[in-house]
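Undergrad: Sharing structure16.tsv, TSV, C-alpha atoms:
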chain	number	residue	atom	x	y	z
W	1	MET	CA	195.94	160.32	89.60
W	2	VAL	CA	197.40	156.99	90.70
W	3	PRO	CA	196.83	154.29	88.04
W	4	GLN	CA	194.09	151.92	89.14
W	5	GLU	CA	196.20	148.77	88.81
W	6	ILE	CA	198.62	150.09	91.43
W	7	TRP	CA	196.10	150.63	94.22
W	8	LEU	CA	193.22	148.35	93.39
W	9	TYR	CA	194.84	145.19	94.74
W	10	ARG	CA	196.95	146.68	97.51
W	11	ILE	CA	197.14	144.54	100.64
W	12	LEU	CA	196.31	146.24	103.93
W	13	PRO	CA	198.87	146.19	106.74
W	14	LYS	CA	198.77	143.02	108.82
W	15	GLY	CA	198.90	142.71	112.57
W	16	HIS	CA	196.88	145.82	113.39
W	17	ASP	CA	195.97	145.40	117.06
W	18	GLU	CA	192.54	147.00	116.69
W	19	MET	CA	191.61	145.49	113.32
W	20	GLN	CA	188.02	144.36	113.18
W	21	ARG	CA	185.78	142.81	110.55
W	22	ILE	CA	182.78	145.13	110.31
W	23	VAL	CA	179.61	144.70	108.25
W	24	ILE	CA	177.70	147.90	107.47
W	25	LYS	CA	174.18	147.86	106.05
W	26	ILE	CA	172.74	150.88	104.24
W	27	GLY	CA	169.10	150.99	103.14
W	28	SER	CA	167.37	152.44	100.11
W	29	SER	CA	166.02	155.49	101.90
W	30	SER	CA	169.56	156.56	102.83
W	31	LEU	CA	170.80	156.43	99.23
W	32	THR	CA	167.87	157.65	97.14
W	33	SER	CA	165.25	160.36	97.08
W	34	ASP	CA	161.62	159.68	97.97
W	35	GLU	CA	160.82	159.89	94.27
W	36	GLY	CA	163.47	157.31	93.38
W	37	GLY	CA	166.87	157.65	91.74
W	38	LEU	CA	170.29	157.73	93.36
W	39	ASN	CA	171.35	160.65	95.52
W	40	ARG	CA	175.00	160.84	94.50
W	41	SER	CA	175.98	163.13	97.36
W	42	ARG	CA	174.65	160.59	99.89
W	43	VAL	CA	176.47	157.73	98.17
W	44	GLU	CA	179.69	159.75	98.30
W	45	PHE	CA	179.14	160.60	101.97
W	46	PHE	CA	178.66	156.98	103.00
W	47	ALA	CA	181.59	155.86	100.86
W	48	SER	CA	183.77	158.39	102.64
W	49	GLU	CA	182.60	157.14	106.04
W	50	LEU	CA	183.33	153.51	105.10
W	51	ALA	CA	186.70	154.54	103.68
W	52	SER	CA	187.65	156.07	107.03
W	53	LEU	CA	187.22	152.66	108.69
W	54	HIS	CA	188.89	150.80	105.83
W	55	ASN	CA	191.94	153.06	105.88
W	56	GLU	CA	192.41	152.42	109.59
W	57	GLY	CA	193.02	148.76	108.74
W	58	HIS	CA	189.55	147.38	109.44
W	59	GLN	CA	188.04	144.80	107.10
W	60	VAL	CA	184.87	146.51	105.92
W	61	LEU	CA	181.96	144.88	104.09
W	62	LEU	CA	178.99	146.82	102.79
W	63	VAL	CA	175.50	145.34	102.47
W	64	THR	CA	173.52	147.77	100.37
W	65	SER	CA	169.99	148.21	99.16
W	66	GLY	CA	168.92	150.67	96.49
W	67	ALA	CA	169.02	148.83	93.16
W	68	VAL	CA	165.26	148.88	92.59
W	69	ALA	CA	164.93	152.45	93.87
W	70	ALA	CA	167.83	153.56	91.68
W	71	GLY	CA	166.49	151.95	88.54
W	72	PHE	CA	162.73	152.38	88.38
W	73	THR	CA	162.74	156.06	87.39
W	74	ARG	CA	165.31	155.39	84.65
W	75	ILE	CA	162.98	152.77	83.17
W	76	GLY	CA	160.12	155.24	83.20
W	77	TYR	CA	157.95	154.08	86.10
W	78	LYS	CA	156.26	156.97	87.88
W	79	LYS	CA	156.51	155.29	91.28
W	80	LYS	CA	158.16	152.29	92.87
W	81	PRO	CA	156.80	149.21	91.07
W	82	LYS	CA	154.77	146.56	92.85
W	83	HIS	CA	154.84	143.69	90.34
W	84	LEU	CA	157.78	141.27	90.56
W	85	HIS	CA	158.81	141.53	86.89
W	86	GLU	CA	158.85	145.34	87.14
W	87	LYS	CA	161.00	145.20	90.26
W	88	GLN	CA	163.39	142.79	88.62
W	89	ALA	CA	163.70	145.00	85.55
W	90	SER	CA	164.30	148.02	87.80
W	91	ALA	CA	166.96	146.10	89.73
W	92	ALA	CA	168.71	144.98	86.54
W	93	LEU	CA	169.22	148.60	85.52
W	94	GLY	CA	169.58	150.01	89.02
W	95	GLN	CA	172.25	147.56	90.14
W	96	ALA	CA	174.60	148.80	87.41
W	97	LEU	CA	173.92	152.41	88.36
W	98	LEU	CA	174.43	151.64	92.05
W	99	MET	CA	177.76	149.89	91.54
W	100	GLN	CA	178.98	152.62	89.20
W	101	ALA	CA	178.21	155.21	91.87
W	102	TYR	CA	180.00	153.20	94.56
W	103	GLN	CA	183.02	152.48	92.34
W	104	GLU	CA	183.46	156.17	91.56
W	105	ALA	CA	182.92	157.22	95.18
W	106	PHE	CA	185.41	154.70	96.63
W	107	ALA	CA	187.95	155.50	93.91
W	108	LYS	CA	188.39	158.94	95.49
W	109	ASP	CA	189.95	157.13	98.47
W	110	ARG	CA	191.81	154.65	96.24
W	111	ILE	CA	189.70	151.73	97.40
W	112	GLY	CA	188.61	148.96	95.07
W	113	ALA	CA	185.02	147.73	95.40
W	114	ALA	CA	183.67	144.33	94.32
W	115	GLN	CA	180.07	143.30	93.70
W	116	ILE	CA	178.59	140.15	95.29
W	117	LEU	CA	174.96	139.28	94.54
W	118	LEU	CA	173.24	136.67	96.71
W	119	THR	CA	169.81	135.07	97.05
W	120	ARG	CA	168.29	133.15	99.93
W	121	SER	CA	168.83	129.89	98.02
W	122	ASP	CA	172.58	130.58	98.03
W	123	PHE	CA	172.53	130.43	101.83
W	124	SER	CA	170.56	127.18	101.88
W	125	ASN	CA	173.18	125.49	99.69
W	126	ARG	CA	176.27	124.75	101.81
W	127	LYS	CA	178.66	124.54	98.87
W	128	ARG	CA	177.51	127.78	97.26
W	129	ILE	CA	177.62	129.81	100.45
W	130	HIS	CA	181.03	128.36	101.32
W	131	ASN	CA	182.28	129.50	97.92
W	132	ALA	CA	180.83	132.95	98.57
W	133	LEU	CA	182.71	133.10	101.88
W	134	MET	CA	185.98	132.12	100.20
W	135	THR	CA	185.47	134.89	97.66
W	136	ILE	CA	184.80	137.48	100.37
W	137	ASP	CA	187.85	136.37	102.37
W	138	GLU	CA	190.06	136.64	99.29
W	139	LEU	CA	188.78	140.12	98.48
W	140	LEU	CA	189.34	141.32	102.04
W	141	LYS	CA	192.85	139.85	102.05
W	142	HIS	CA	193.70	142.08	99.09
W	143	GLY	CA	192.14	145.20	100.56
W	144	ILE	CA	189.06	145.14	98.32
W	145	LEU	CA	185.77	146.28	99.82
W	146	PRO	CA	182.99	143.73	99.08
W	147	ILE	CA	179.57	145.22	98.30
W	148	VAL	CA	176.79	142.69	98.88
W	149	ASN	CA	173.24	142.99	97.60
W	150	GLU	CA	170.35	140.64	96.97
W	151	ASN	CA	170.21	139.40	93.39
W	152	ASP	CA	166.78	140.90	92.78
W	153	THR	CA	166.75	140.08	89.07
W	154	VAL	CA	166.49	136.32	89.75
W	155	SER	CA	164.87	136.18	93.20
W	156	VAL	CA	161.58	134.32	93.03
W	157	ASP	CA	160.02	135.83	96.18
W	158	GLU	CA	159.55	139.54	96.60
W	159	LEU	CA	161.73	141.36	99.13
W	160	LYS	CA	162.73	138.24	100.99
W	161	PHE	CA	165.50	139.92	102.94
W	162	GLY	CA	163.38	142.83	104.21
W	163	ASP	CA	165.33	145.65	102.56
W	164	ASN	CA	168.45	143.57	103.17
W	165	ASP	CA	168.29	143.82	106.96
W	166	MET	CA	168.13	140.03	107.23
W	167	LEU	CA	170.78	139.69	104.52
W	168	SER	CA	173.18	141.85	106.55
W	169	ALA	CA	172.68	139.65	109.63
W	170	LEU	CA	173.30	136.47	107.62
W	171	VAL	CA	176.40	137.98	106.01
W	172	ALA	CA	177.72	139.14	109.40
W	173	ASN	CA	177.34	135.63	110.78
W	174	LEU	CA	178.82	134.09	107.63
W	175	VAL	CA	182.03	136.14	107.77
W	176	LYS	CA	182.24	136.01	111.60
W	177	ALA	CA	182.13	139.78	111.85
W	178	ASN	CA	183.15	141.57	115.03
W	179	ARG	CA	180.10	143.78	114.71
W	180	LEU	CA	177.15	144.67	112.48
W	181	LEU	CA	176.15	148.29	111.95
W	182	ILE	CA	172.65	148.73	110.49
W	183	LEU	CA	172.18	152.32	109.39
W	184	THR	CA	168.75	153.91	109.26
W	185	ASP	CA	167.14	157.35	109.23
W	186	THR	CA	166.35	157.33	112.96
W	187	ASP	CA	168.82	157.41	115.83
W	188	GLY	CA	167.85	154.10	117.38
W	189	LEU	CA	164.91	152.33	119.00
W	190	TYR	CA	162.42	154.34	121.06
W	191	THR	CA	159.75	153.38	123.58
W	192	GLU	CA	157.25	155.09	121.24
W	193	ASP	CA	157.38	156.73	117.81
W	194	PRO	CA	159.36	159.95	118.43
W	195	ARG	CA	157.70	161.53	115.38
W	196	LYS	CA	154.34	161.28	117.15
W	197	ASN	CA	155.27	161.53	120.84
W	198	ALA	CA	157.84	164.04	122.06
W	199	ASP	CA	158.13	162.12	125.34
W	200	ALA	CA	159.37	158.96	123.63
W	201	ARG	CA	162.55	157.67	125.26
W	202	LYS	CA	165.46	156.22	123.31
W	203	ILE	CA	166.66	152.75	124.33
W	204	GLU	CA	170.44	152.97	124.46
W	205	ARG	CA	171.31	149.29	124.99
W	206	VAL	CA	169.49	145.97	124.66
W	207	ASP	CA	170.74	142.82	126.38
W	208	GLN	CA	167.96	140.53	125.19
W	209	ILE	CA	165.52	140.90	122.30
W	210	SER	CA	162.09	139.95	123.58
W	211	ASP	CA	158.71	139.78	121.85
W	212	GLU	CA	157.72	142.89	123.81
W	213	LEU	CA	160.66	144.76	122.32
W	214	LEU	CA	159.60	143.78	118.81
W	215	LYS	CA	156.17	145.27	119.47
W	216	LEU	CA	157.77	148.69	119.93
W	217	ALA	CA	158.84	148.72	116.27
W	218	GLY	CA	156.58	150.08	113.56
W	219	GLY	CA	156.41	149.60	109.79
W	220	SER	CA	158.43	150.99	106.92
W	221	GLY	CA	159.17	154.71	107.24
W	222	SER	CA	159.94	155.50	103.58
W	223	SER	CA	158.22	155.21	100.23
W	224	VAL	CA	161.36	153.75	98.64
W	225	GLY	CA	162.45	151.49	101.50
W	226	THR	CA	160.92	148.21	102.61
W	227	GLY	CA	162.46	147.55	106.00
W	228	GLY	CA	161.12	149.30	109.08
W	229	MET	CA	162.56	149.20	112.59
W	230	ARG	CA	160.97	145.81	113.22
W	231	SER	CA	162.97	144.14	110.44
W	232	LYS	CA	166.13	145.70	111.86
W	233	ILE	CA	165.41	144.31	115.32
W	234	GLU	CA	164.68	140.89	113.83
W	235	ALA	CA	168.01	141.10	111.98
W	236	ALA	CA	169.70	142.07	115.23
W	237	ARG	CA	168.18	139.00	116.89
W	238	ILE	CA	169.63	136.74	114.17
W	239	ALA	CA	173.06	138.37	114.38
W	240	THR	CA	173.26	138.34	118.19
W	241	ARG	CA	172.22	134.68	118.28
W	242	GLY	CA	175.28	134.08	116.15
W	243	GLY	CA	177.47	136.02	118.58
W	244	ILE	CA	177.60	139.31	116.62
W	245	PRO	CA	176.87	142.58	118.50
W	246	VAL	CA	174.70	145.02	116.54
W	247	PHE	CA	174.24	148.78	116.25
W	248	VAL	CA	171.05	150.22	114.76
W	249	GLY	CA	171.11	153.95	114.28
W	250	LYS	CA	171.88	157.06	112.31
W	251	VAL	CA	175.01	158.17	110.45
W	252	SER	CA	174.46	161.69	109.13
W	253	GLU	CA	177.66	163.62	109.85
W	254	THR	CA	181.35	163.03	109.20
W	255	GLY	CA	182.77	160.73	111.88
W	256	ASP	CA	179.44	159.22	112.86
W	257	LEU	CA	180.31	155.78	111.44
W	258	LYS	CA	183.62	155.61	113.33
W	259	ALA	CA	181.76	156.59	116.48
W	260	ALA	CA	179.17	153.87	115.87
W	261	ALA	CA	181.91	151.26	115.40
W	262	ALA	CA	183.63	152.46	118.58
W	263	GLY	CA	180.48	152.12	120.70
W	264	ASP	CA	179.57	155.80	120.84
W	265	GLY	CA	177.11	156.09	117.97
W	266	LYS	CA	173.74	157.75	117.54
W	267	GLY	CA	171.57	154.69	118.00
W	268	THR	CA	170.79	151.55	119.95
W	269	TYR	CA	173.33	148.83	120.72
W	270	PHE	CA	172.26	145.18	120.89
W	271	ASP	CA	174.71	143.19	123.03
W	272	THR	CA	175.36	139.47	123.08
W	273	SER	CA	177.16	137.12	125.45
W	274	LEU	CA	177.25	134.32	122.88
W	275	ASN	CA	180.27	133.20	120.90
W	276	THR	CA	180.31	133.25	117.12
W	277	MET	CA	178.76	130.17	115.57
W	278	SER	CA	180.66	127.74	113.35
W	279	MET	CA	179.71	127.89	109.68
W	280	LYS	CA	178.19	124.42	109.86
W	281	LYS	CA	175.98	125.21	112.86
W	282	GLN	CA	175.10	128.58	111.34
W	283	TRP	CA	173.90	126.80	108.20
W	284	VAL	CA	171.84	124.34	110.25
W	285	ARG	CA	170.31	127.12	112.37
W	286	PHE	CA	169.56	129.83	109.82
W	287	HIS	CA	169.70	128.52	106.26
W	288	SER	CA	168.84	124.83	106.01
W	289	LEU	CA	165.42	123.49	105.02
W	290	PRO	CA	164.30	120.61	107.32
W	291	GLN	CA	163.27	117.50	105.41
W	292	GLY	CA	161.26	115.98	108.24
W	293	SER	CA	160.75	115.92	111.98
W	294	ILE	CA	161.64	113.68	114.93
W	295	THR	CA	159.67	113.63	118.18
W	296	VAL	CA	161.59	112.79	121.36
W	297	ASP	CA	160.66	111.89	124.93
W	298	ASP	CA	161.29	114.07	127.98
W	299	GLY	CA	164.56	112.34	128.85
W	300	ALA	CA	165.99	112.94	125.39
W	301	GLN	CA	164.83	116.55	125.53
W	302	ASP	CA	166.70	117.13	128.79
W	303	ALA	CA	169.81	115.43	127.39
W	304	LEU	CA	169.77	117.69	124.33
W	305	LEU	CA	168.91	120.98	126.01
W	306	SER	CA	170.65	120.66	129.37
W	307	GLY	CA	173.02	117.72	129.26
W	308	GLY	CA	175.03	118.57	126.17
W	309	LYS	CA	174.36	115.08	124.80
W	310	SER	CA	173.67	113.65	121.36
W	311	LEU	CA	170.29	112.23	120.41
W	312	LEU	CA	170.16	108.42	120.51
W	313	PRO	CA	167.45	106.17	119.00
W	314	ALA	CA	166.19	105.23	122.48
W	315	GLY	CA	164.82	108.74	122.95
W	316	VAL	CA	162.88	108.87	119.66
W	317	THR	CA	159.10	108.38	119.86
W	318	ASP	CA	157.93	109.36	116.37
W	319	VAL	CA	159.33	110.06	112.89
W	320	SER	CA	157.74	112.17	110.15
W	321	GLY	CA	158.85	113.00	106.61
W	322	ASP	CA	161.11	111.36	104.03
W	323	PHE	CA	164.77	112.12	104.76
W	324	ASN	CA	168.21	110.62	104.22
W	325	PRO	CA	171.49	110.66	106.15
W	326	GLY	CA	172.97	114.16	105.97
W	327	ASP	CA	169.61	115.92	105.76
W	328	VAL	CA	168.49	118.45	108.36
W	329	VAL	CA	165.46	117.55	110.49
W	330	GLU	CA	163.47	119.41	113.10
W	331	VAL	CA	163.24	117.94	116.59
W	332	LEU	CA	160.00	118.20	118.58
W	333	ASN	CA	159.35	117.54	122.26
W	334	SER	CA	156.52	115.42	123.66
W	335	LEU	CA	154.15	118.38	123.25
W	336	HIS	CA	155.11	118.59	119.56
W	337	GLN	CA	156.88	121.91	120.11
W	338	PRO	CA	160.12	122.54	118.16
W	339	ILE	CA	163.21	122.51	120.39
W	340	GLY	CA	165.96	122.37	117.78
W	341	ARG	CA	167.26	120.93	114.56
W	342	GLY	CA	170.27	118.99	113.38
W	343	VAL	CA	171.91	116.82	110.74
W	344	VAL	CA	170.47	113.30	110.92
W	345	ASN	CA	172.54	110.13	110.50
W	346	TYR	CA	169.63	107.84	109.61
W	347	ALA	CA	167.21	107.55	106.73
W	348	SER	CA	163.61	108.02	107.85
W	349	TRP	CA	162.75	104.37	107.28
W	350	GLN	CA	165.73	103.24	109.37
W	351	LEU	CA	164.78	105.50	112.25
W	352	GLN	CA	161.18	104.27	112.17
W	353	VAL	CA	162.52	100.71	112.57
W	354	VAL	CA	164.75	101.45	115.57
W	355	ALA	CA	162.87	104.28	117.36
W	356	GLY	CA	162.88	103.67	121.11
W	357	LEU	CA	165.44	100.85	120.97
W	358	SER	CA	168.73	100.55	122.84
W	359	THR	CA	172.05	101.04	121.06
W	360	GLU	CA	172.70	97.30	121.17
W	361	GLU	CA	169.37	96.50	119.52
W	362	VAL	CA	169.88	99.21	116.87
W	363	SER	CA	173.16	97.63	115.76
W	364	LYS	CA	171.38	94.34	115.17
W	365	ARG	CA	168.63	95.81	112.96
W	366	VAL	CA	170.16	98.52	110.73
W	367	GLU	CA	173.58	99.50	109.44
W	368	VAL	CA	174.42	103.17	109.91
W	369	HIS	CA	177.60	105.22	109.76
W	370	ARG	CA	177.06	106.69	113.26
W	371	ILE	CA	174.86	105.33	116.03
W	372	GLU	CA	173.72	108.80	117.13
W	373	VAL	CA	170.56	110.02	115.46
W	374	ILE	CA	171.94	113.57	115.68
W	375	HIS	CA	175.46	114.17	117.01
W	376	ARG	CA	175.89	117.02	119.46
W	377	ASP	CA	178.30	118.79	117.08
W	378	GLU	CA	175.55	118.94	114.45
W	379	TRP	CA	172.75	120.05	116.76
W	380	ILE	CA	171.31	123.55	117.24
W	381	THR	CA	168.86	124.50	119.98
W	382	ILE	CA	166.06	126.79	118.83
W	383	GLY	CA	164.70	129.19	121.38
Kindly transcribe the structure held in the file into structure tokens.

TA:
Amino acid sequence: MVPQEIWLYRILPKGHDEMQRIVIKIGSSSLTSDEGGLNRSRVEFFASELASLHNEGHQVLLVTSGAVAAGFTRIGYKKKPKHLHEKQASAALGQALLMQAYQEAFAKDRIGAAQILLTRSDFSNRKRIHNALMTIDELLKHGILPIVNENDTVSVDELKFGDNDMLSALVANLVKANRLLILTDTDGLYTEDPRKNADARKIERVDQISDELLKLAGGSGSSVGTGGMRSKIEAARIATRGGIPVFVGKVSETGDLKAAAAGDGKGTYFDTSLNTMSMKKQWVRFHSLPQGSITVDDGAQDALLSGGKSLLPAGVTDVSGDFNPGDVVEVLNSLHQPIGRGVVNYASWQLQVVAGLSTEEVSKRVEVHRIEVIHRDEWITIG
């Protein structure tokens, strides 16, 4: 056996023409039995599939569920717990078991695996999530496979990431992945539930995720999982809005994961024509918490949505909330409908003073670092 210190930090070959950064998400139901507890043979199978991509020179990240499902039977619970403190206790034990299983499985292919635990609050804090990205980049540079999971032992809200489907989309956007592969126990999205209707037709490709498409998805299909097809489609919508194409489908046989990554998998592909989003705009769009709202007139709305312009004080008609320069605010149209959000350059009291005024008048009344209320580079359209 090769000593661990020789292979654990090996650097993958550079300059591979087909190298891609691929995020793969595996849910609880794929790793555990219905009664709970890890299915070691399934963990080893998926580790082997990921290793096949990794050893081709791709940068592979795994977003995994399974900590709660792996741990609750070891604690002594008869079924998956429902109370938060029981889930957190299960996750505390199960996370160690899960990582041990992955470490041993990846070691067979001489691949080092690193654990990264995140919560939703990590994404809302720009400094913390930037540090997480730097850590992931450094691990990938050294050929280590990052394994990301929600930090269930400290999360204050139950199952916020929907069995980590949403987490995988946020991670894919964060690392600017070339693609996101969400693995499930069904081979894609169908027009109806194929378990109930033999005439259900599989949808091979999706160009745009509509509300009608979301209605096709049902609830959770497993007693140990929490994310049904709907949460996977919602995750696909987040990822594709960030410019990341998505596959949702089944990997059950050797070679299935490579086929999915190559565009020939057993599932549904969600395409996107958008470019990947900068980290700053991604944070504004998906992670930030607006501290107030600004209502604009029709001219300002057109300038923001169609003209590629910044928002100036002249277009502001109303200000709500208590915010400071650098905070994120929501922007509403004249019908009080949200049209976007951005980083504001004014305190709320300053903007209330100058709302509707020309640039010349604004300069006479308040002192601000930038005259734009929201600069175009710090604006995100929502829709």

Undergrad: Skip Lys80 in chain W itself and residues of its chain fewer than 5 positions away, then list as a list in words all residues within 12 Å of it, counting all atoms listed in the file.

TA: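 The filter keeps Ser28, Thr32, Ser33, Asp34, Glu35, Gly36, Gly37, Gly66, Ala67, Val68, Ala69, Ala70, Gly71, Phe72, Thr73, Arg74, Ile75, Glu86, Lys87, Gln88, Ala89, Ser90, Ala91, Ser222, Ser223, Val224, Gly225 and Thr226 of chain W.
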
Undergrad: Rounded to one decimal place, report the CA of Asn173 in chain W-CA of Val23 in chain W distance in Å.

TA: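 Taking CA of Asn173 in chain W as the start and CA of Val23 in chain W as the end point, the length is 9.7 Å.
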
Undergrad: How far is it from CA of Ile22 in chain W to CA of Asn55 in chain W, in Å with one decimal?

TA: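 Distance reported for this atom pair: 12.9 Å.
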
Undergrad: Taking all atoms listed in the file into account, name the residue in W:Lys79, W:Lys232, W:Arg241, W:Arg195 that is nearest to Asp207 in chain W.

TA: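 Nearest to Asp207 in chain W: W:Arg241.
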
Undergrad: Find the residues near range 134-142 of chain W: any atom within 12 Å, counting all atoms listed in the file, skip ones fewer than 2 places away on the same chain, and give them as a PyMOL selection string.

TA: chain W and resi 7-14+20-23+54+57-62+111-117+127-132+144-148+171-172+174-177

Undergrad: What lies within 12 Å of Asp264 in chain W using only C-alpha atoms, ignoring chain neighbours under 4 positions off, as a VMD selection string?

TA: chain W and resid 187 204 to 205 247 to 251 255 to 260 268 to 269

Undergrad: Tell me which of W:Ile209, W:Met229, W:Val366, W:Val316 sits closest to Thr186 in chain W, counting all atoms listed in the file.

TA: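 Checking each candidate against Thr186 in chain W, we get W:Met229 as the closest.
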
Undergrad: Find the residues around Arg365 in chain W up to 9 Å (all atoms listed in the file counted), leave out those fewer than 6 positions away in its own chain, and share them as a PyMOL selection string.

TA: chain W and resi 350+353-354

Undergrad: By how many Å are CA of Ala105 in chain W and CA of Leu180 in chain W apart?

TA: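 Interatomic distance here is 22.1 Å.
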
Undergrad: Find the smallest box with edges along x, y and z containing every listed atom of range 255-265 of chain W, then add 5 Å on each side and report centre and edge lengths in Å to one decimal, as lines of an AutoDock Vina configuration file.

TA:
center_x = 180.4
center_y = 156.0
center_z = 116.1
size_x = 16.5
size_y = 19.5
size_z = 19.4

Undergrad: Around (156.6, 109.5, 116.0) in the file's frame, which residues reach within 12 Å when counting only C-alpha atoms? Return as number ranges by chain?

TA: W: 292-297, 313, 315-321, 331-336, 348-349, 351-356

Undergrad: Quick one: write out the picked residues with C-alpha atoms as a PDB file, in the coordinates of the input?

TA:
ATOM      1  CA  GLY W 292     161.260 115.980 108.240  1.00  0.00           C
ATOM      2  CA  SER W 293     160.750 115.920 111.980  1.00  0.00           C
ATOM      3  CA  ILE W 294     161.640 113.680 114.930  1.00  0.00           C
ATOM      4  CA  THR W 295     159.670 113.630 118.180  1.00  0.00           C
ATOM      5  CA  VAL W 296     161.590 112.790 121.360  1.00  0.00           C
ATOM      6  CA  ASP W 297     160.660 111.890 124.930  1.00  0.00           C
ATOM      7  CA  PRO W 313     167.450 106.170 119.000  1.00  0.00           C
ATOM      8  CA  GLY W 315     164.820 108.740 122.950  1.00  0.00           C
ATOM      9  CA  VAL W 316     162.880 108.870 119.660  1.00  0.00           C
ATOM     10  CA  THR W 317     159.100 108.380 119.860  1.00  0.00           C
ATOM     11  CA  ASP W 318     157.930 109.360 116.370  1.00  0.00           C
ATOM     12  CA  VAL W 319     159.330 110.060 112.890  1.00  0.00           C
ATOM     13  CA  SER W 320     157.740 112.170 110.150  1.00  0.00           C
ATOM     14  CA  GLY W 321     158.850 113.000 106.610  1.00  0.00           C
ATOM     15  CA  VAL W 331     163.240 117.940 116.590  1.00  0.00           C
ATOM     16  CA  LEU W 332     160.000 118.200 118.580  1.00  0.00           C
ATOM     17  CA  ASN W 333     159.350 117.540 122.260  1.00  0.00           C
ATOM     18  CA  SER W 334     156.520 115.420 123.660  1.00  0.00           C
ATOM     19  CA  LEU W 335     154.150 118.380 123.250  1.00  0.00           C
ATOM     20  CA  HIS W 336     155.110 118.590 119.560  1.00  0.00           C
ATOM     21  CA  SER W 348     163.610 108.020 107.850  1.00  0.00           C
ATOM     22  CA  TRP W 349     162.750 104.370 107.280  1.00  0.00           C
ATOM     23  CA  LEU W 351     164.780 105.500 112.250  1.00  0.00           C
ATOM     24  CA  GLN W 352     161.180 104.270 112.170  1.00  0.00           C
ATOM     25  CA  VAL W 353     162.520 100.710 112.570  1.00  0.00           C
ATOM     26  CA  VAL W 354     164.750 101.450 115.570  1.00  0.00           C
ATOM     27  CA  ALA W 355     162.870 104.280 117.360  1.00  0.00           C
ATOM     28  CA  GLY W 356     162.880 103.670 121.110  1.00  0.00           C
TER      29      GLY W 356
END

Undergrad: Give the answer as one residue: which of W:Thr184, W:Gln208, W:Gln282, W:Ser252 has the shortest atom-to-atom distance to Ile382 in chain W, using only C-alpha atoms?

TA: W:Gln282

Undergrad: Measuring between all atoms listed in the file, which one of W:Ser65, W:Asn151, W:Gln100, W:Thr191 shows the shortest distance to Ser168 in chain W?

TA: W:Ser65

Undergrad: What lies within 12 Å of Val329 in chain W using all atoms listed in the file, ignoring chain neighbours under 2 positions off, as number ranges by chain?

TA: W: 284-285, 288-295, 319-327, 331-332, 338-348, 373-374, 378-380

Undergrad: Compare W:Ala47, W:Leu357, W:Val328, W:Ala235 by their minimum atom-to-atom distance to Ser124 in chain W, counting all atoms listed in the file, and give me the closest one.

TA: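 Of W:Ala47, W:Leu357, W:Val328, W:Ala235, the one nearest Ser124 in chain W is W:Val328, counting all atoms listed in the file.
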
Undergrad: Output as a compact mmCIF listing (two decimals), in the frame of the given file: range 31-39 of chain W, completed with N, CA, C and O atoms.

TA:
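Okay, result_24.txt is ready:
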# COMPACT_ATOMS: atom_id res chain seq x y z
N LEU W 31 170.03 156.26 100.47
CA LEU W 31 170.80 156.43 99.23
C LEU W 31 170.02 157.08 98.11
O LEU W 31 170.61 157.50 97.10
N THR W 32 168.71 157.15 98.23
CA THR W 32 167.87 157.65 97.14
C THR W 32 166.91 158.70 97.65
O THR W 32 166.72 158.88 98.86
N SER W 33 166.28 159.41 96.72
CA SER W 33 165.25 160.36 97.08
C SER W 33 163.92 159.63 97.22
O SER W 33 163.78 158.48 96.79
N ASP W 34 162.94 160.29 97.82
CA ASP W 34 161.62 159.68 97.97
C ASP W 34 160.99 159.36 96.62
O ASP W 34 160.16 158.45 96.51
N GLU W 35 161.37 160.12 95.60
CA GLU W 35 160.82 159.89 94.27
C GLU W 35 161.56 158.79 93.52
O GLU W 35 161.14 158.37 92.44
N GLY W 36 162.66 158.31 94.07
CA GLY W 36 163.47 157.31 93.38
C GLY W 36 164.68 157.96 92.73
O GLY W 36 164.78 159.17 92.59
N GLY W 37 165.64 157.14 92.32
CA GLY W 37 166.87 157.65 91.74
C GLY W 37 167.93 157.84 92.80
O GLY W 37 167.64 158.13 93.97
N LEU W 38 169.18 157.63 92.41
CA LEU W 38 170.29 157.73 93.36
C LEU W 38 170.57 159.17 93.76
O LEU W 38 170.54 160.08 92.92
N ASN W 39 170.87 159.37 95.01
CA ASN W 39 171.35 160.65 95.52
C ASN W 39 172.86 160.53 95.61
O ASN W 39 173.40 159.95 96.56
